[in-house]
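Chemist: Contents of start-v1.cif (mmCIF, C-alpha atoms):
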```cif
data_start
loop_
_atom_site.label_atom_id
_atom_site.label_comp_id
_atom_site.auth_asym_id
_atom_site.auth_seq_id
_atom_site.Cartn_x
_atom_site.Cartn_y
_atom_site.Cartn_z
CA MET A 1 128.28 71.44 100.20
CA SER A 2 129.41 67.97 99.10
CA GLY A 3 128.83 66.78 102.69
CA PHE A 4 125.07 67.24 102.31
CA VAL A 5 122.73 64.37 101.59
CA ARG A 6 119.04 64.46 100.75
CA ARG A 7 116.91 62.56 103.30
CA ILE A 8 113.78 62.87 105.44
CA PRO A 9 114.77 64.06 108.93
CA GLU A 10 113.17 62.38 111.94
CA GLY A 11 109.74 63.88 112.64
CA ASP A 12 109.54 65.47 109.18
CA THR A 13 107.62 64.36 106.10
CA ARG A 14 109.79 65.80 103.34
CA GLU A 15 113.28 65.29 102.01
CA ARG A 16 115.70 67.98 103.15
CA MET A 17 119.36 68.71 102.56
CA VAL A 18 121.06 67.32 105.68
CA CYS A 19 124.75 67.70 106.53
CA ALA A 20 126.16 64.19 106.85
CA GLU A 21 128.75 65.42 109.35
CA CYS A 22 126.73 67.50 111.83
CA GLY A 23 123.08 66.81 111.00
CA HIS A 24 122.37 70.47 110.16
CA ILE A 25 119.23 70.74 108.02
CA ALA A 26 119.35 73.34 105.23
CA TYR A 27 115.66 74.12 104.79
CA GLU A 28 114.77 75.54 101.42
CA ASN A 29 111.48 77.35 101.06
CA PRO A 30 109.75 79.57 98.53
CA LYS A 31 111.16 83.05 98.05
CA VAL A 32 109.18 86.27 98.17
CA VAL A 33 109.36 88.72 95.25
CA VAL A 34 108.19 92.26 96.03
CA GLY A 35 107.48 95.07 93.59
CA ALA A 36 104.95 97.65 92.53
CA ALA A 37 102.89 99.31 89.87
CA VAL A 38 104.17 102.88 90.33
CA VAL A 39 101.45 105.10 88.91
CA ALA A 40 101.38 108.78 87.87
CA ASP A 41 98.49 110.46 86.04
CA GLY A 42 97.08 107.13 84.89
CA ALA A 43 100.41 105.90 83.53
CA VAL A 44 102.51 103.09 84.99
CA LEU A 45 106.29 102.75 85.34
CA LEU A 46 107.82 99.87 83.38
CA CYS A 47 111.45 98.74 83.12
CA ARG A 48 113.03 96.95 80.16
CA ARG A 49 115.21 94.19 81.57
CA ALA A 50 118.99 94.36 81.09
CA ILE A 51 119.43 90.93 82.71
CA GLU A 52 118.32 87.35 82.20
CA PRO A 53 115.80 85.82 82.39
CA ARG A 54 113.69 87.73 79.85
CA HIS A 55 116.38 90.19 78.78
CA GLY A 56 114.82 92.99 76.70
CA PHE A 57 111.27 92.39 77.95
CA TRP A 58 109.28 94.84 80.06
CA THR A 59 108.58 94.36 83.74
CA LEU A 60 107.39 96.16 86.83
CA PRO A 61 110.26 96.98 89.20
CA ALA A 62 110.47 93.99 91.58
CA GLY A 63 112.93 91.55 93.12
CA TYR A 64 113.71 89.21 95.98
CA LEU A 65 112.84 90.26 99.49
CA GLU A 66 115.97 90.17 101.67
CA LEU A 67 116.34 89.04 105.28
CA GLY A 68 115.48 91.85 107.65
CA GLU A 69 113.27 93.81 105.26
CA THR A 70 109.56 94.46 105.47
CA LEU A 71 107.63 93.98 102.25
CA GLU A 72 107.54 97.76 101.73
CA GLU A 73 111.26 98.16 102.43
CA GLY A 74 112.10 95.47 99.91
CA ALA A 75 109.82 96.90 97.23
CA ALA A 76 111.20 100.43 97.80
CA ARG A 77 114.77 99.12 97.45
CA GLU A 78 114.02 97.28 94.23
CA ILE A 79 112.26 100.31 92.71
CA LEU A 80 115.22 102.49 93.62
CA GLU A 81 117.71 99.97 92.18
CA GLU A 82 115.89 99.29 88.92
CA ALA A 83 114.17 102.61 88.18
CA GLN A 84 115.98 105.12 90.43
CA ALA A 85 112.60 106.24 91.74
CA ARG A 86 111.48 107.04 95.28
CA VAL A 87 107.89 106.04 95.99
CA ALA A 88 105.10 105.91 98.57
CA PHE A 89 102.83 102.88 98.79
CA ASP A 90 99.02 102.85 98.58
CA GLY A 91 98.61 99.17 99.47
CA ILE A 92 98.79 95.69 97.99
CA LEU A 93 97.32 95.07 94.56
CA GLY A 94 97.94 91.36 94.28
CA ILE A 95 99.57 88.32 95.86
CA PHE A 96 100.50 85.60 93.42
CA SER A 97 101.65 82.04 94.07
CA ILE A 98 104.30 81.15 91.51
CA SER A 99 104.61 77.65 92.93
CA ARG A 100 106.21 76.37 89.79
CA ILE A 101 109.43 78.07 90.62
CA GLY A 102 108.95 78.37 94.38
CA GLN A 103 108.01 82.04 94.53
CA VAL A 104 105.31 84.26 96.04
CA HIS A 105 104.89 87.69 94.42
CA VAL A 106 103.54 90.55 96.51
CA MET A 107 102.79 93.56 94.30
CA PHE A 108 101.91 97.02 95.60
CA ARG A 109 100.30 100.08 94.06
CA ALA A 110 102.61 103.07 94.58
CA ARG A 111 103.00 106.77 93.75
CA PHE A 112 106.11 108.87 93.31
CA ALA A 113 107.15 110.14 96.72
CA ASP A 114 107.45 113.78 95.67
CA ALA A 115 103.90 114.38 94.47
CA ALA A 116 104.55 118.05 93.74
CA ALA A 117 107.41 117.44 91.28
CA SER A 118 107.35 115.78 87.88
CA PRO A 119 107.95 112.02 88.16
CA ARG A 120 111.66 111.27 88.49
CA PHE A 121 113.08 107.99 87.32
CA ALA A 122 115.94 106.58 85.29
CA ALA A 123 117.28 103.20 84.26
CA GLY A 124 119.24 101.42 86.99
CA THR A 125 121.97 98.92 86.18
CA GLU A 126 119.47 96.08 85.73
CA SER A 127 117.31 98.07 83.27
CA LEU A 128 117.94 99.01 79.62
CA GLU A 129 115.34 101.76 79.76
CA VAL A 130 112.49 102.90 82.02
CA GLY A 131 109.31 104.68 81.04
CA LEU A 132 105.79 105.72 82.05
CA PHE A 133 103.14 104.03 79.90
CA ALA A 134 99.46 104.90 79.52
CA TRP A 135 97.25 101.77 79.49
CA ASP A 136 96.91 101.69 75.71
CA ASP A 137 100.65 102.14 75.18
CA ILE A 138 101.77 99.25 77.43
CA PRO A 139 103.86 96.77 75.35
CA TRP A 140 101.48 93.86 76.09
CA ASP A 141 103.25 91.40 73.80
CA ARG A 142 106.64 92.10 75.34
CA LEU A 143 105.89 91.75 79.07
CA ALA A 144 108.45 89.67 80.96
CA PHE A 145 106.31 87.61 83.34
CA PRO A 146 102.66 86.56 83.91
CA SER A 147 102.52 88.34 87.25
CA VAL A 148 103.34 91.64 85.48
CA ARG A 149 100.14 91.28 83.47
CA TRP A 150 98.15 90.17 86.53
CA THR A 151 99.37 93.16 88.50
CA LEU A 152 98.55 95.58 85.68
CA ASP A 153 95.04 94.08 85.48
CA ALA A 154 94.63 94.47 89.25
CA TRP A 155 95.77 98.10 88.97
CA ARG A 156 93.22 98.70 86.20
CA ARG A 157 90.45 97.22 88.36
CA SER A 158 91.47 99.20 91.44
CA GLY A 159 91.41 102.60 89.75
CA THR A 160 92.78 105.32 91.99
CA GLY A 161 90.63 104.68 95.06
CA PRO A 162 91.53 103.05 98.36
CA LEU A 163 92.55 99.39 98.21
CA GLY A 164 90.91 98.18 101.44
CA VAL A 165 91.88 94.73 102.69
CA PRO A 166 94.33 93.08 103.23
CA ALA A 167 95.61 94.46 106.47
CA GLY A 168 99.31 95.12 107.04
CA ASN A 169 101.26 95.43 110.29
CA PRO A 170 99.33 97.75 112.65
CA GLN A 171 101.20 101.04 113.02
CA ALA A 172 100.73 100.97 116.77
CA ASP A 173 102.28 97.53 117.15
CA PRO A 174 105.96 97.34 116.14
CA ARG A 175 106.58 93.77 117.26
CA GLY A 176 106.81 92.30 113.79
CA THR A 177 109.61 94.54 112.56
CA ARG A 178 113.19 95.33 113.43
CA PRO A 179 113.56 98.38 115.72
CA PRO A 180 115.68 101.27 114.36
CA GLY A 181 119.33 100.67 115.25
CA GLU A 182 119.02 96.92 115.72
CA PRO A 183 121.39 95.21 113.23
CA PRO A 184 119.83 93.25 110.41
CA ILE A 185 119.45 89.54 111.03
CA THR A 186 121.88 87.23 109.35
CA SER A 187 121.86 83.50 109.21
CA PRO A 188 124.06 81.57 111.61
CA MET A 189 127.04 79.70 110.18
CA PRO A 190 125.43 76.26 110.25
CA CYS A 191 128.46 74.09 110.88
CA ALA A 192 130.83 76.64 112.40
CA MET B 2 128.97 73.39 105.36
CA SER B 3 132.35 74.24 106.88
CA GLY B 4 133.58 75.12 103.37
CA PHE B 5 131.26 78.13 103.30
CA VAL B 6 132.50 81.66 103.93
CA ARG B 7 130.51 84.86 104.33
CA ARG B 8 131.41 87.46 101.68
CA ILE B 9 129.86 89.85 99.15
CA PRO B 10 129.76 88.16 95.73
CA GLU B 11 130.78 90.18 92.66
CA GLY B 12 127.88 92.30 91.45
CA ASP B 13 126.00 91.93 94.74
CA THR B 14 125.61 94.37 97.63
CA ARG B 15 125.13 91.95 100.54
CA GLU B 16 127.11 89.30 102.31
CA ARG B 17 126.14 85.79 101.28
CA MET B 18 127.24 82.31 102.26
CA VAL B 19 129.65 81.35 99.47
CA CYS B 20 131.26 77.91 99.04
CA ALA B 21 135.02 78.45 99.16
CA GLU B 22 135.55 75.44 96.91
CA CYS B 23 133.09 75.97 94.05
CA GLY B 24 131.77 79.51 94.47
CA HIS B 25 128.18 78.32 94.96
CA ILE B 26 126.11 81.02 96.67
CA ALA B 27 123.59 79.81 99.27
CA TYR B 28 121.03 82.62 99.22
CA GLU B 29 118.95 82.92 102.35
CA ASN B 30 115.73 84.88 102.18
CA PRO B 31 112.66 85.45 104.34
CA LYS B 32 110.29 82.52 104.72
CA VAL B 33 106.55 82.60 104.12
CA VAL B 34 104.18 81.43 106.86
CA VAL B 35 100.64 80.60 105.70
CA GLY B 36 97.56 79.99 107.80
CA ALA B 37 93.96 80.94 108.35
CA ALA B 38 91.18 82.07 110.59
CA VAL B 39 88.81 79.15 110.05
CA VAL B 40 85.38 80.48 110.95
CA ALA B 41 82.04 78.78 111.70
CA ASP B 42 78.93 80.55 113.02
CA GLY B 43 80.95 83.53 114.23
CA ALA B 44 83.50 81.39 116.08
CA VAL B 45 87.14 80.86 115.09
CA LEU B 46 89.31 77.75 115.25
CA LEU B 47 92.31 78.02 117.60
CA CYS B 48 95.03 75.48 118.39
CA ARG B 49 96.99 75.22 121.65
CA ARG B 50 100.62 74.61 120.72
CA ALA B 51 102.27 71.32 121.66
CA ILE B 52 105.64 72.54 120.36
CA GLU B 53 108.11 75.34 120.97
CA PRO B 54 108.19 78.26 120.59
CA ARG B 55 105.23 79.30 122.72
CA HIS B 56 104.29 75.82 123.92
CA GLY B 57 100.86 75.92 125.56
CA PHE B 58 99.77 79.18 123.94
CA TRP B 59 96.94 79.53 121.43
CA THR B 60 97.48 80.11 117.73
CA LEU B 61 95.72 80.00 114.41
CA PRO B 62 96.75 76.96 112.36
CA ALA B 63 99.71 78.10 110.25
CA GLY B 64 103.21 77.09 109.21
CA TYR B 65 105.98 77.38 106.65
CA LEU B 66 105.07 77.36 102.99
CA GLU B 67 106.97 74.55 101.23
CA LEU B 68 108.57 74.53 97.78
CA GLY B 69 106.02 73.68 95.12
CA GLU B 70 102.95 74.78 97.08
CA THR B 71 100.60 77.65 96.35
CA LEU B 72 99.66 79.77 99.35
CA GLU B 73 96.29 78.00 99.54
CA GLU B 74 97.86 74.54 99.30
CA GLY B 75 100.28 75.35 102.10
CA ALA B 76 97.59 76.80 104.36
CA ALA B 77 95.30 73.80 103.72
CA ARG B 78 98.13 71.39 104.61
CA GLU B 79 98.95 73.20 107.84
CA ILE B 80 95.27 73.32 108.89
CA LEU B 81 94.97 69.59 108.20
CA GLU B 82 98.18 68.82 110.12
CA GLU B 83 97.47 70.97 113.17
CA ALA B 84 93.67 70.84 113.44
CA GLN B 85 92.69 67.85 111.26
CA ALA B 86 90.21 70.11 109.47
CA ARG B 87 89.44 70.42 105.76
CA VAL B 88 88.59 73.95 104.71
CA ALA B 89 87.68 76.24 101.80
CA PHE B 90 89.21 79.69 101.51
CA ASP B 91 87.33 83.00 101.23
CA GLY B 92 90.41 85.14 100.57
CA ILE B 93 93.31 86.84 102.29
CA LEU B 94 92.69 88.66 105.55
CA GLY B 95 96.17 90.01 106.19
CA ILE B 96 99.78 90.03 105.03
CA PHE B 97 102.28 90.75 107.78
CA SER B 98 105.98 91.51 107.53
CA ILE B 99 107.74 89.85 110.47
CA SER B 100 111.09 91.25 109.35
CA ARG B 101 112.57 90.72 112.75
CA ILE B 102 112.81 87.04 112.20
CA GLY B 103 112.79 87.03 108.41
CA GLN B 104 109.17 85.99 107.89
CA VAL B 105 106.13 87.10 105.90
CA HIS B 106 102.77 85.86 107.19
CA VAL B 107 99.88 85.42 104.75
CA MET B 108 96.65 84.72 106.60
CA PHE B 109 93.40 83.65 104.98
CA ARG B 110 89.79 83.61 106.08
CA ALA B 111 88.40 80.10 105.63
CA ARG B 112 85.30 77.97 106.24
CA PHE B 113 84.94 74.27 106.92
CA ALA B 114 84.81 72.47 103.57
CA ASP B 115 81.68 70.49 104.40
CA ALA B 116 79.27 73.34 105.07
CA ALA B 117 76.32 70.97 105.62
CA ALA B 118 77.94 69.00 108.45
CA SER B 119 78.94 70.11 111.93
CA PRO B 120 82.50 71.48 111.99
CA ARG B 121 85.00 68.62 112.18
CA PHE B 122 88.38 69.13 113.77
CA ALA B 123 90.76 67.51 116.24
CA ALA B 124 94.21 68.13 117.66
CA GLY B 125 97.04 67.15 115.33
CA THR B 126 100.44 66.09 116.66
CA GLU B 127 101.59 69.72 117.01
CA SER B 128 98.50 70.75 119.02
CA LEU B 129 97.55 70.00 122.65
CA GLU B 130 93.92 70.86 121.97
CA VAL B 131 91.82 72.58 119.32
CA GLY B 132 88.59 74.51 119.74
CA LEU B 133 86.11 76.93 118.24
CA PHE B 134 85.98 80.22 120.15
CA ALA B 135 83.39 82.99 120.00
CA TRP B 136 85.00 86.46 119.97
CA ASP B 137 84.42 87.07 123.68
CA ASP B 138 85.80 83.66 124.63
CA ILE B 139 89.12 83.99 122.78
CA PRO B 140 92.02 83.57 125.27
CA TRP B 141 93.44 87.01 124.46
CA ASP B 142 96.16 86.89 127.12
CA ARG B 143 97.41 83.51 125.96
CA LEU B 144 97.82 84.06 122.21
CA ALA B 145 101.12 82.76 120.81
CA PHE B 146 102.13 85.48 118.33
CA PRO B 147 101.31 89.10 117.38
CA SER B 148 100.13 88.07 113.93
CA VAL B 149 97.47 85.87 115.54
CA ARG B 150 95.96 88.95 117.15
CA TRP B 151 96.33 91.00 113.97
CA THR B 152 94.57 88.30 111.95
CA LEU B 153 91.75 88.00 114.47
CA ASP B 154 91.29 91.79 114.32
CA ALA B 155 91.23 91.68 110.51
CA TRP B 156 88.63 88.90 110.66
CA ARG B 157 86.51 90.98 113.04
CA ARG B 158 86.68 93.96 110.66
CA SER B 159 85.87 91.85 107.61
CA GLY B 160 82.71 90.33 109.04
CA THR B 161 81.30 87.62 106.80
CA GLY B 162 81.16 89.56 103.52
CA PRO B 163 83.44 89.35 100.50
CA LEU B 164 87.06 90.33 101.04
CA GLY B 165 87.71 92.09 97.70
CA VAL B 166 91.31 92.94 96.87
CA PRO B 167 94.01 91.61 96.79
CA ALA B 168 93.92 89.61 93.63
CA GLY B 169 95.23 86.05 93.49
CA ASN B 170 96.31 84.01 90.50
CA PRO B 171 93.65 84.30 87.75
CA GLN B 172 91.76 81.01 87.41
CA ALA B 173 92.03 81.17 83.62
CA ASP B 174 95.82 81.52 83.66
CA PRO B 175 97.66 78.53 85.14
CA ARG B 176 101.18 79.69 84.32
CA GLY B 177 102.16 80.49 87.89
CA THR B 178 101.47 77.07 89.33
CA ARG B 179 102.57 73.51 88.88
CA PRO B 180 100.40 71.50 86.44
CA PRO B 181 98.78 68.31 87.82
CA GLY B 182 101.16 65.37 87.42
CA GLU B 183 104.33 67.46 87.21
CA PRO B 184 106.65 66.46 90.06
CA PRO B 185 107.25 69.01 92.83
CA ILE B 186 110.33 71.16 92.44
CA THR B 187 113.32 70.31 94.56
CA SER B 188 116.51 72.23 94.95
CA PRO B 189 119.54 71.14 92.93
CA MET B 190 122.49 69.65 94.77
CA PRO B 191 124.63 72.77 94.69
CA CYS B 192 128.13 71.29 94.65
CA ALA B 193 127.38 67.83 93.27
#
```
Could you express the structure from this file as structure tokens?

Modeler:
Amino acid sequence: MSGFVRRIPEGDTRERMVCAECGHIAYENPKVVVGAAVVADGAVLLCRRAIEPRHGFWTLPAGYLELGETLEEGAAREILEEAQARVAFDGILGIFSISRIGQVHVMFRARFADAAASPRFAAGTESLEVGLFAWDDIPWDRLAFPSVRWTLDAWRRSGTGPLGVPAGNPQADPRGTRPPGEPPITSPMPCA
Amino acid sequence: MSGFVRRIPEGDTRERMVCAECGHIAYENPKVVVGAAVVADGAVLLCRRAIEPRHGFWTLPAGYLELGETLEEGAAREILEEAQARVAFDGILGIFSISRIGQVHVMFRARFADAAASPRFAAGTESLEVGLFAWDDIPWDRLAFPSVRWTLDAWRRSGTGPLGVPAGNPQADPRGTRPPGEPPITSPMPCA
């Protein structure tokens, strides 16, 4: 990427990374982190991080949304990867601007998908351990990130009832999402 | 960017753009679009697009969130750019996964900032014209994007009352956002 220079493209107002050879502009924008408070019998699923940053601290399962995923698909993937749990979503608890590091966090409230069975979960490769914590047992002084606390507070306020607004994609209108069978989008090779 | 190849980095599960020279990984993730239904006396502010895609069609003021912005800062900037209006936000009406094109749309309900004056707005450089439309006068067959319709429907459902959940950043906890005076984040030169 040594051919890239930082300048303001014509018609723009911000510096971008521009390829000096072909003029391709590599836009960089905030990333979306998706995750959930997965709740069972008033307890919430927390993961102790096996990776940096904040190795050894407790977090809600969450991670970067990938190209081609809906918010729910991304959150489900992260929960499966980090806590080996399959879940169903109630709705969105909180949306947090982490503008300091160029992130937006979208956090759901979720339940274990198999409501009839005991909750099933286990540490994924990015977790040292995973557990269900009642409110009073949450390791408040060892939480990994501010948005973990904010999400737990939003869960506490929401109780177990319906979450109401915000709206998500209307079920009857599939235009926002990728149809089954259509390959996931990938970025074009910019200078190919 | 001709030195980039598409491969799965060690420890990852997806193909990424990797610099063949230095191993730098150029992650590409969904982008966040922020905007609002700006409402006055039961009418909503719409902009007729002066740019592609969907030139000539009507949209809510909205655009890409930039690095360093909160959701509200990004939406306020887009509304100022496209409709030359200053607004105050009530809360989030809808969050839409547009996974087809790698986008997440976060749409607010907003009011004009100067509640005492008549609504002030004008076409910005990306708009052919801007207007306030009562529900029955909205040009339904000439809306630019599905999420415009979904947001208008969510506005209709919400009425003028409080929006409730989701939570946003707690006012008393500034850790998620950039302190006043701290320069905006920019991306590092990856191979410099």

Chemist: On this file, the PyMOL selection byres ((chain A and resi 28) around 12) gives some set of residues; write that set as a PyMOL selection string.

Modeler: (chain A and resi 6+14-18+25-27+29-31+102-103) or (chain B and resi 27-33+65-69+186-190)

Chemist: Do you know which residues the PyMOL selection byres ((chain A and resi 59) around 8) returns on this file, as a PyMOL selection string?

Modeler: chain A and resi 46-49+57-58+60-61+143-145+148

Chemist: With all atoms listed in the file as the basis for distance, which of A:His24, A:His55, A:Arg77, A:Arg120 is at the shortest distance from chain B?

Modeler: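 With all atoms listed in the file as the atom set, the closest residue is A:His24.
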
Chemist: When you count all atoms listed in the file, which of these residues is closest to Pro139 of chain A: A:Leu45, A:Ala115, A:Val87, A:Ala76?

Modeler: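 When distances to Pro139 of chain A are compared using all atoms listed in the file, the smallest one comes from A:Leu45.
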
Chemist: Counting only C-alpha atoms, which residues sit no farther than 12 Å from the position (96.2, 89.9, 109.6) in the file's frame? I'd like them as an mmCIF file with C-alpha atoms, keeping the file's coordinate frame.

Modeler:
```cif
data_model
loop_
_atom_site.group_PDB
_atom_site.id
_atom_site.type_symbol
_atom_site.label_atom_id
_atom_site.label_comp_id
_atom_site.auth_asym_id
_atom_site.auth_seq_id
_atom_site.Cartn_x
_atom_site.Cartn_y
_atom_site.Cartn_z
ATOM 1 C CA VAL A 165 91.880 94.730 102.690
ATOM 2 C CA PRO A 166 94.330 93.080 103.230
ATOM 3 C CA ALA A 167 95.610 94.460 106.470
ATOM 4 C CA GLY A 168 99.310 95.120 107.040
ATOM 5 C CA ASN A 169 101.260 95.430 110.290
ATOM 6 C CA PRO A 170 99.330 97.750 112.650
ATOM 7 C CA GLY A 176 106.810 92.300 113.790
ATOM 8 C CA VAL B 34 104.180 81.430 106.860
ATOM 9 C CA VAL B 35 100.640 80.600 105.700
ATOM 10 C CA GLY B 36 97.560 79.990 107.800
ATOM 11 C CA ALA B 37 93.960 80.940 108.350
ATOM 12 C CA ALA B 38 91.180 82.070 110.590
ATOM 13 C CA LEU B 61 95.720 80.000 114.410
ATOM 14 C CA GLY B 92 90.410 85.140 100.570
ATOM 15 C CA ILE B 93 93.310 86.840 102.290
ATOM 16 C CA LEU B 94 92.690 88.660 105.550
ATOM 17 C CA GLY B 95 96.170 90.010 106.190
ATOM 18 C CA ILE B 96 99.780 90.030 105.030
ATOM 19 C CA PHE B 97 102.280 90.750 107.780
ATOM 20 C CA SER B 98 105.980 91.510 107.530
ATOM 21 C CA ILE B 99 107.740 89.850 110.470
ATOM 22 C CA VAL B 105 106.130 87.100 105.900
ATOM 23 C CA HIS B 106 102.770 85.860 107.190
ATOM 24 C CA VAL B 107 99.880 85.420 104.750
ATOM 25 C CA MET B 108 96.650 84.720 106.600
ATOM 26 C CA PHE B 109 93.400 83.650 104.980
ATOM 27 C CA ARG B 110 89.790 83.610 106.080
ATOM 28 C CA PHE B 146 102.130 85.480 118.330
ATOM 29 C CA PRO B 147 101.310 89.100 117.380
ATOM 30 C CA SER B 148 100.130 88.070 113.930
ATOM 31 C CA VAL B 149 97.470 85.870 115.540
ATOM 32 C CA ARG B 150 95.960 88.950 117.150
ATOM 33 C CA TRP B 151 96.330 91.000 113.970
ATOM 34 C CA THR B 152 94.570 88.300 111.950
ATOM 35 C CA LEU B 153 91.750 88.000 114.470
ATOM 36 C CA ASP B 154 91.290 91.790 114.320
ATOM 37 C CA ALA B 155 91.230 91.680 110.510
ATOM 38 C CA TRP B 156 88.630 88.900 110.660
ATOM 39 C CA ARG B 157 86.510 90.980 113.040
ATOM 40 C CA ARG B 158 86.680 93.960 110.660
ATOM 41 C CA SER B 159 85.870 91.850 107.610
#
```

Chemist: Specify as a list in words each residue included when the PyMOL selection byres ((chain B and resi 136) around 9) is applied to this file.

Modeler: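 Taken on the displayed file, the PyMOL selection byres ((chain B and resi 136) around 9) yields the residues Gly43, Ala44, Val45, Phe134, Ala135, Asp137, Asp138, Ile139, Leu153 and Arg157 of chain B.
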
Chemist: Which protein, DNA or RNA residues have an atom at most 6 Å from (114.2, 106.9, 86.4), counting all atoms listed in the file? List them as an MDAnalysis selection string.

Modeler: chainID A and resid 83:85 120:123

Chemist: Could you state the separation of atom CA of Gly56 of chain A and atom CA of Glu78 of chain A in Å, given to one decimal place?

Modeler: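 Separation between atom CA of Gly56 of chain A and atom CA of Glu78 of chain A: 18.1 Å.
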
Chemist: Quick check, in Å to one decimal: how far apart do atom CA of Ser119 of chain B and atom CA of Ala76 of chain B lie?

Modeler: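 A separation of 21.2 Å between them.
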
Chemist: Expressed in Å to a single decimal, how great is the separation between atom CA of Arg55 of chain B and atom CA of Pro9 of chain A?

Modeler: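 Distance between the two atoms: 22.7 Å.
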
Chemist: For chain A, which residue out of B:Val131, B:Ala41, B:Ile102, B:Ala111 is the nearest one, using all atoms listed in the file?

Modeler: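 Of B:Val131, B:Ala41, B:Ile102, B:Ala111, the one nearest chain A, counting all atoms listed in the file, is B:Ile102.
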
Chemist: If I wrap all listed atoms of segment 144-148 of chain A in a box with edges along x, y and z and add 4 Å on each side, what are its centre and edge lengths in Å to one decimal, as JSON?

Modeler:
```
{"center_x": 105.5, "center_y": 89.1, "center_z": 84.1, "size_x": 13.9, "size_y": 13.1, "size_z": 14.3}
```
